[in-house]
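Working notes, structure below.
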Amino acid sequence: MWVLDRPVFLLLILILPPLVYLRHVRPDRGGRIRMSFSLFQGEQFSPPMTMQRLLLRFGALCYWIAWVLVIVALAGPARTTRERIYLSRGIDIMLVLDQSASMAAADFRPGNRFETARAVITRFIQDRPSDHIGLVGFSAEAALRVPPTMDHSYLLRSLDEMQLMEMGDGTAIGMGLALSALHLQAGTAGERVVVLLTDGVNNAGEISPEAAAQAAADAGIRIYAIGVGSSREAFIEVRDPTTGQLYRGTVKDSYDEDSLRRIAEISGGQYFTAGSAGTLQSVFESIGTAQSFERRFRFQVHRKLYHRECIIAALAFLVLEFLIRRIIVRVIP
Amino acid sequence: MSVDYPEALWLLAVLPVIAVAAYFGYLRSRARLQSLVGTYIRDEFFEALVFKRFLSGFAFTLTLAFLVVALSDPHWGERSIEDERRGLEIVYLIDVSNSMRAEDILPNRITRSREVARAVQSRIPDAYAAVIAFKGDVSVVSPMTEDSVAFELAMDYLSGPLVTTPGTDVERGLRSALELFPSGTNRRKVVLLFTDGQELTGDQRSLVREIVGADVAVVSIVAGTPAGALIPLSSGGVLRDQNGNPVIAGVDEAALAFLAEQTGGIVQRLDDTGVVGRLTEYLGGIAGSDRSVAFRVVGTARFRVFLILAVLSMAAGIWIEARRWSALI
């Protein structure tokens, strides 16, 4: 929004009419020669509109524009932007996303499970600007993609860069949970939660999901476990990012519902199933509602002054008028 | 008095040109006046012309001069404003270029930078930290987080091969650092810049203005000794230039000190044994406490003083030109 820092200076516009009168209208102003109309038998005459007169008029326009610009610069034109400053600490959330090949199953229209999960997670992140959110990916291994941060643009970029089968093919749920607990345990937020999203059964890694859930629970971390996918057969097509090899086929495996339920129970969290894109969206909305808290914030106004631009323009107009009036037309003052 | 845009003052050099142009304009006006009123014109006419020309030209030149000074954004005097920021956000911006392998600081510049960064962060555990490695390009190793495990991992991960573009583009590193401060927080923002500062070129003032505008302080940690050192290669031997002469990695302490001073930071030397203590003391000092009311001193902008003077001289110019000749003769 555009504002004026000191609008009172705009009152200086009021001195312009008298100055215009002095410079252009007053009959006995300097640089004029009085003549008797009797020489012309009382008939008035007007000089022709020559190029010089046109130039002079243009010069005068430049001069008064410069005046206005200087007055506007005095008033301090500024553009303000409002930034929301959060006064209360949000919660810490670690998103743990399955990157195994089965997440390419195309039973979540219009995309596959992974693409749908990514889209839903993106909306979830955008709705929680004051929370510190991190990202862990897992398949045969688990890796921290982003530690809990309020830099959500970085987080979304990292989420966008995730690929299926980056860490081989497998489902190391326990490793993913243990890693997220490790990075959440020292957080100072009042509430720390893990949102686990998987479509498979733990079949890789040295840590069992239950043991990881217990470690998380001991650190006061709550786990929301989401099983995605349907039990019916689904087509998959996935390219291994390491070898570039394309895999096509069908998948009918489902997640281990009992294990996910136990994980949630151990940590005091909740278990959800999502058989479609719509239900996955609802699940994330439920988690968002369950983890809602009072967000206190204030607006901080940032102000950027633009007086320098006005001064630069005023200088240019003044010099232009000088060139026209003094150098080209050579007016005698 | 200090100015934010000293380069604008170069425009004052144009004023003599305008004055000379005004003089030639006067000579031509005089010739015109002569052709208008004849050669028998009284001297008083020319005196009046000189008077009007000189004074109006002087007023015009003054107007331009005042506008140019206003354009440089002068300020003097200070005022205190309440500082509501609490806590710290630190971006560790670490140079991983070849010159940082020099061993004039043991075990070498980059390893010592890592040690100091770790020591500083461990002494202010409440501070949020982000880590960037830079050479000719930039790699964000960790975003702003309070996760100490992630910070340690990022420090382990720091090495030359992290960025493939050769060079030492401090400017790009600093611009990336500014982007790593998330919006919506109310903490003080500091960049700890570990570099030997070589190739710190370009428009530094513009960069400094950007940093100051973002309310960020840059703390420069000079990674190197004035004497410099050879750059060892992993394959053995030392780095040589095209003529086969060994390359000596020096430091550009003046440029780093300029960055720090202009942005309200401090400059420290990496080979100084007390560097960790002094950095911790500085950072602890600006972090503020949760309960205390803090103030900070800001300069008072004075461009309006010169704009008002410009308005007065413009009005004076109009008045001079509007005066009747008969009143002067």
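Scheme for the structure tokens: letters A, B, ... for chains in order shown; per-chain residue numbers from 1; ligand numbers from 1 in order shown.
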
- Those of stretch 153-332 of chain A in DSSP strand (DSSP E or B), formatted as a PyMOL selection string: chain A and resi 192-198+221-228+234-239+246-251+270-274+297-305

Residues from last step as file, N, CA and C atoms, as a tab-separated table (two decimals), in the first residue's frame:
chain	number	residue	atom	x	y	z
A	192	ARG	N	5.13	-31.77	20.11
A	192	ARG	CA	5.95	-32.27	19.00
A	192	ARG	C	5.27	-33.51	18.44
A	193	VAL	N	5.04	-33.51	17.16
A	193	VAL	CA	4.32	-34.64	16.56
A	193	VAL	C	5.04	-35.12	15.29
A	194	VAL	N	4.80	-36.41	15.04
A	194	VAL	CA	5.29	-37.00	13.79
A	194	VAL	C	4.06	-37.41	12.98
A	195	VAL	N	4.07	-37.08	11.71
A	195	VAL	CA	3.00	-37.55	10.83
A	195	VAL	C	3.64	-38.55	9.86
A	196	LEU	N	3.31	-39.81	10.08
A	196	LEU	CA	3.89	-40.89	9.25
A	196	LEU	C	2.91	-41.25	8.14
A	197	LEU	N	3.41	-41.29	6.94
A	197	LEU	CA	2.55	-41.61	5.80
A	197	LEU	C	3.22	-42.75	5.02
A	198	THR	N	2.58	-43.92	5.04
A	198	THR	CA	3.18	-45.08	4.36
A	198	THR	C	2.10	-45.97	3.75
A	221	ILE	N	6.86	-37.37	22.20
A	221	ILE	CA	6.46	-37.08	20.81
A	221	ILE	C	5.28	-37.96	20.43
A	222	ARG	N	4.27	-37.35	19.85
A	222	ARG	CA	3.06	-38.05	19.44
A	222	ARG	C	3.17	-38.42	17.96
A	223	ILE	N	2.69	-39.62	17.63
A	223	ILE	CA	2.77	-40.04	16.22
A	223	ILE	C	1.38	-40.21	15.63
A	224	TYR	N	1.15	-39.56	14.51
A	224	TYR	CA	-0.05	-39.79	13.71
A	224	TYR	C	0.35	-40.69	12.55
A	225	ALA	N	-0.19	-41.90	12.52
A	225	ALA	CA	0.18	-42.86	11.47
A	225	ALA	C	-0.94	-42.93	10.43
A	226	ILE	N	-0.57	-42.76	9.19
A	226	ILE	CA	-1.57	-42.79	8.11
A	226	ILE	C	-1.21	-43.92	7.14
A	227	GLY	N	-2.11	-44.86	7.00
A	227	GLY	CA	-1.92	-45.92	6.01
A	227	GLY	C	-2.60	-45.50	4.73
A	228	VAL	N	-1.86	-45.43	3.64
A	228	VAL	CA	-2.46	-44.98	2.38
A	228	VAL	C	-2.55	-46.15	1.39
A	234	ALA	N	-3.39	-52.32	-8.12
A	234	ALA	CA	-3.18	-51.00	-8.74
A	234	ALA	C	-1.96	-51.05	-9.64
A	235	PHE	N	-2.04	-50.26	-10.70
A	235	PHE	CA	-0.94	-50.19	-11.67
A	235	PHE	C	0.16	-49.27	-11.12
A	236	ILE	N	1.41	-49.68	-11.29
A	236	ILE	CA	2.51	-48.78	-10.91
A	236	ILE	C	3.49	-48.61	-12.07
A	237	GLU	N	4.05	-47.43	-12.13
A	237	GLU	CA	5.10	-47.14	-13.10
A	237	GLU	C	6.08	-46.21	-12.40
A	238	VAL	N	7.30	-46.67	-12.25
A	238	VAL	CA	8.28	-45.87	-11.52
A	238	VAL	C	9.66	-46.04	-12.15
A	239	ARG	N	10.40	-44.93	-12.20
A	239	ARG	CA	11.76	-44.98	-12.75
A	239	ARG	C	12.76	-44.87	-11.60
A	246	LEU	N	13.13	-48.14	-15.93
A	246	LEU	CA	11.70	-47.95	-15.73
A	246	LEU	C	11.06	-49.27	-15.30
A	247	TYR	N	10.29	-49.23	-14.23
A	247	TYR	CA	9.58	-50.42	-13.75
A	247	TYR	C	8.09	-50.20	-13.96
A	248	ARG	N	7.42	-51.25	-14.49
A	248	ARG	CA	5.97	-51.20	-14.66
A	248	ARG	C	5.40	-52.47	-14.07
A	249	GLY	N	4.20	-52.41	-13.54
A	249	GLY	CA	3.59	-53.62	-13.01
A	249	GLY	C	2.35	-53.29	-12.21
A	250	THR	N	1.94	-54.22	-11.42
A	250	THR	CA	0.79	-53.97	-10.55
A	250	THR	C	1.20	-54.30	-9.12
A	251	VAL	N	0.49	-53.70	-8.21
A	251	VAL	CA	0.78	-53.93	-6.80
A	251	VAL	C	-0.54	-54.16	-6.07
A	270	GLN	N	-2.68	-41.07	16.88
A	270	GLN	CA	-3.90	-41.57	16.27
A	270	GLN	C	-3.56	-42.28	14.96
A	271	TYR	N	-4.40	-43.24	14.61
A	271	TYR	CA	-4.18	-43.98	13.37
A	271	TYR	C	-5.29	-43.63	12.38
A	272	PHE	N	-4.91	-43.44	11.13
A	272	PHE	CA	-5.88	-43.11	10.09
A	272	PHE	C	-5.65	-44.01	8.87
A	273	THR	N	-6.71	-44.23	8.13
A	273	THR	CA	-6.55	-44.89	6.83
A	273	THR	C	-7.01	-43.91	5.76
A	274	ALA	N	-6.33	-43.97	4.63
A	274	ALA	CA	-6.71	-43.08	3.52
A	274	ALA	C	-6.70	-43.90	2.25
A	297	PHE	N	-0.34	-13.32	17.13
A	297	PHE	CA	0.59	-12.65	16.23
A	297	PHE	C	0.28	-11.16	16.21
A	298	ARG	N	1.21	-10.42	15.71
A	298	ARG	CA	0.99	-9.00	15.46
A	298	ARG	C	1.53	-8.69	14.07
A	299	PHE	N	1.06	-7.59	13.53
A	299	PHE	CA	1.55	-7.19	12.21
A	299	PHE	C	2.70	-6.20	12.37
A	300	GLN	N	3.74	-6.47	11.67
A	300	GLN	CA	4.85	-5.51	11.65
A	300	GLN	C	4.84	-4.85	10.27
A	301	VAL	N	4.83	-3.53	10.30
A	301	VAL	CA	4.75	-2.81	9.03
A	301	VAL	C	6.16	-2.42	8.57
A	302	HIS	N	6.49	-2.80	7.38
A	302	HIS	CA	7.77	-2.40	6.79
A	302	HIS	C	7.49	-1.27	5.81
A	303	ARG	N	8.30	-0.24	5.89
A	303	ARG	CA	8.07	0.93	5.07
A	303	ARG	C	9.31	1.21	4.21
A	304	LYS	N	9.07	1.32	2.93
A	304	LYS	CA	10.20	1.65	2.04
A	304	LYS	C	9.91	3.00	1.39
A	305	LEU	N	10.78	3.96	1.66
A	305	LEU	CA	10.58	5.31	1.14
A	305	LEU	C	11.00	5.39	-0.33

- Pull out every residue of chain B that has at least one atom within 9 Å of chain A, counting only C-alpha atoms, and report them as a PyMOL selection string. chain B and resi 18+21-22+24-26+28-30+32-33+49+52-53+56+60+64+67-68+70-73+142-150+180-186+303-304+307-308+310-311+314-315+318-326

Next, the residues of the selection above should be written as a PDB file, in the first residue's frame with C-alpha atoms.
ATOM      1  CA  ILE B  18      25.747  23.968 -15.711  1.00  0.00           C
ATOM      2  CA  ALA B  21      26.393  26.797 -19.710  1.00  0.00           C
ATOM      3  CA  ALA B  22      24.540  29.516 -17.801  1.00  0.00           C
ATOM      4  CA  PHE B  24      27.266  31.300 -22.203  1.00  0.00           C
ATOM      5  CA  GLY B  25      23.515  31.673 -22.019  1.00  0.00           C
ATOM      6  CA  TYR B  26      24.096  35.082 -20.407  1.00  0.00           C
ATOM      7  CA  ARG B  28      23.847  35.246 -25.818  1.00  0.00           C
ATOM      8  CA  SER B  29      21.078  36.987 -23.872  1.00  0.00           C
ATOM      9  CA  ARG B  30      23.223  40.091 -23.746  1.00  0.00           C
ATOM     10  CA  ARG B  32      19.906  39.620 -27.894  1.00  0.00           C
ATOM     11  CA  LEU B  33      19.254  42.506 -25.535  1.00  0.00           C
ATOM     12  CA  LEU B  49      20.808  41.796 -16.797  1.00  0.00           C
ATOM     13  CA  LYS B  52      19.065  39.049 -12.737  1.00  0.00           C
ATOM     14  CA  ARG B  53      21.036  36.447 -14.617  1.00  0.00           C
ATOM     15  CA  SER B  56      18.623  33.491 -10.810  1.00  0.00           C
ATOM     16  CA  PHE B  60      19.098  27.479  -9.808  1.00  0.00           C
ATOM     17  CA  LEU B  64      20.349  21.499  -7.899  1.00  0.00           C
ATOM     18  CA  LEU B  67      18.533  18.283  -4.412  1.00  0.00           C
ATOM     19  CA  VAL B  68      21.725  16.298  -4.988  1.00  0.00           C
ATOM     20  CA  ALA B  70      19.030  15.306  -0.454  1.00  0.00           C
ATOM     21  CA  LEU B  71      19.452  12.493  -2.953  1.00  0.00           C
ATOM     22  CA  SER B  72      22.445  11.188  -1.024  1.00  0.00           C
ATOM     23  CA  ASP B  73      20.154  10.637   1.995  1.00  0.00           C
ATOM     24  CA  SER B 142      20.716 -26.595   6.554  1.00  0.00           C
ATOM     25  CA  PRO B 143      17.798 -24.143   6.774  1.00  0.00           C
ATOM     26  CA  MET B 144      17.096 -22.095   9.898  1.00  0.00           C
ATOM     27  CA  THR B 145      16.381 -24.544  12.698  1.00  0.00           C
ATOM     28  CA  GLU B 146      16.853 -25.064  16.399  1.00  0.00           C
ATOM     29  CA  ASP B 147      17.668 -28.713  15.718  1.00  0.00           C
ATOM     30  CA  SER B 148      21.209 -29.069  17.105  1.00  0.00           C
ATOM     31  CA  VAL B 149      21.582 -32.527  15.576  1.00  0.00           C
ATOM     32  CA  ALA B 150      20.898 -31.119  12.120  1.00  0.00           C
ATOM     33  CA  LEU B 180      17.401 -18.017   4.760  1.00  0.00           C
ATOM     34  CA  PHE B 181      15.906 -15.860   7.497  1.00  0.00           C
ATOM     35  CA  PRO B 182      12.271 -16.979   7.608  1.00  0.00           C
ATOM     36  CA  SER B 183       9.522 -14.395   7.840  1.00  0.00           C
ATOM     37  CA  GLY B 184       7.212 -14.272  10.810  1.00  0.00           C
ATOM     38  CA  THR B 185       9.909 -14.372  13.464  1.00  0.00           C
ATOM     39  CA  ASN B 186      10.958 -11.672  15.865  1.00  0.00           C
ATOM     40  CA  PHE B 303      16.907  14.771   3.468  1.00  0.00           C
ATOM     41  CA  ARG B 304      13.922  17.034   4.133  1.00  0.00           C
ATOM     42  CA  LEU B 307      14.532  19.594   0.101  1.00  0.00           C
ATOM     43  CA  ILE B 308      13.130  22.606   1.976  1.00  0.00           C
ATOM     44  CA  ALA B 310      15.756  23.532  -2.530  1.00  0.00           C
ATOM     45  CA  VAL B 311      12.140  24.766  -2.433  1.00  0.00           C
ATOM     46  CA  MET B 314      13.485  27.698  -6.408  1.00  0.00           C
ATOM     47  CA  ALA B 315      11.005  30.248  -5.043  1.00  0.00           C
ATOM     48  CA  ILE B 318      11.079  32.884  -9.486  1.00  0.00           C
ATOM     49  CA  TRP B 319      11.012  36.077  -7.442  1.00  0.00           C
ATOM     50  CA  ILE B 320      14.276  37.333  -8.981  1.00  0.00           C
ATOM     51  CA  GLU B 321      13.129  36.654 -12.529  1.00  0.00           C
ATOM     52  CA  ALA B 322       9.731  38.217 -11.886  1.00  0.00           C
ATOM     53  CA  ARG B 323      11.190  41.544 -10.706  1.00  0.00           C
ATOM     54  CA  ARG B 324      10.660  44.469 -13.061  1.00  0.00           C
ATOM     55  CA  TRP B 325      13.677  45.800 -14.861  1.00  0.00           C
ATOM     56  CA  SER B 326      12.602  49.291 -13.982  1.00  0.00           C
TER      57      SER B 326
END

- Would you return as a PyMOL selection string the members of stretch 123-212 of chain A that DSSP assigns to alpha helix (DSSP H) on this structure's backbone? chain A and resi 123-126+152-161+173-184+209-212

- Task: Grab the atom CA of B:Val222 to atom CA of B:Arg269 distance for me, in Å with one decimal place.
- Result: 4.7 Å

- Using only C-alpha atoms, the shortest atom-to-atom distance to A:Glu294 among A:Asp258, A:Glu161, A:Asp131, A:Asp169 belongs to A:Asp131

- Would you mind listing what lies within 10 Å of B:Leu207 as a list in words, with only C-alpha atoms counted and same-chain residues fewer than 4 positions away left out? Glu171, Arg172, Leu174, Arg175, Gly202, Asp203, Ile211, Val212, Gly213 and Leu259 of chain B

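Atom CA of B:Ser97 is positioned 6.4 Å from atom CA of B:Gly167.
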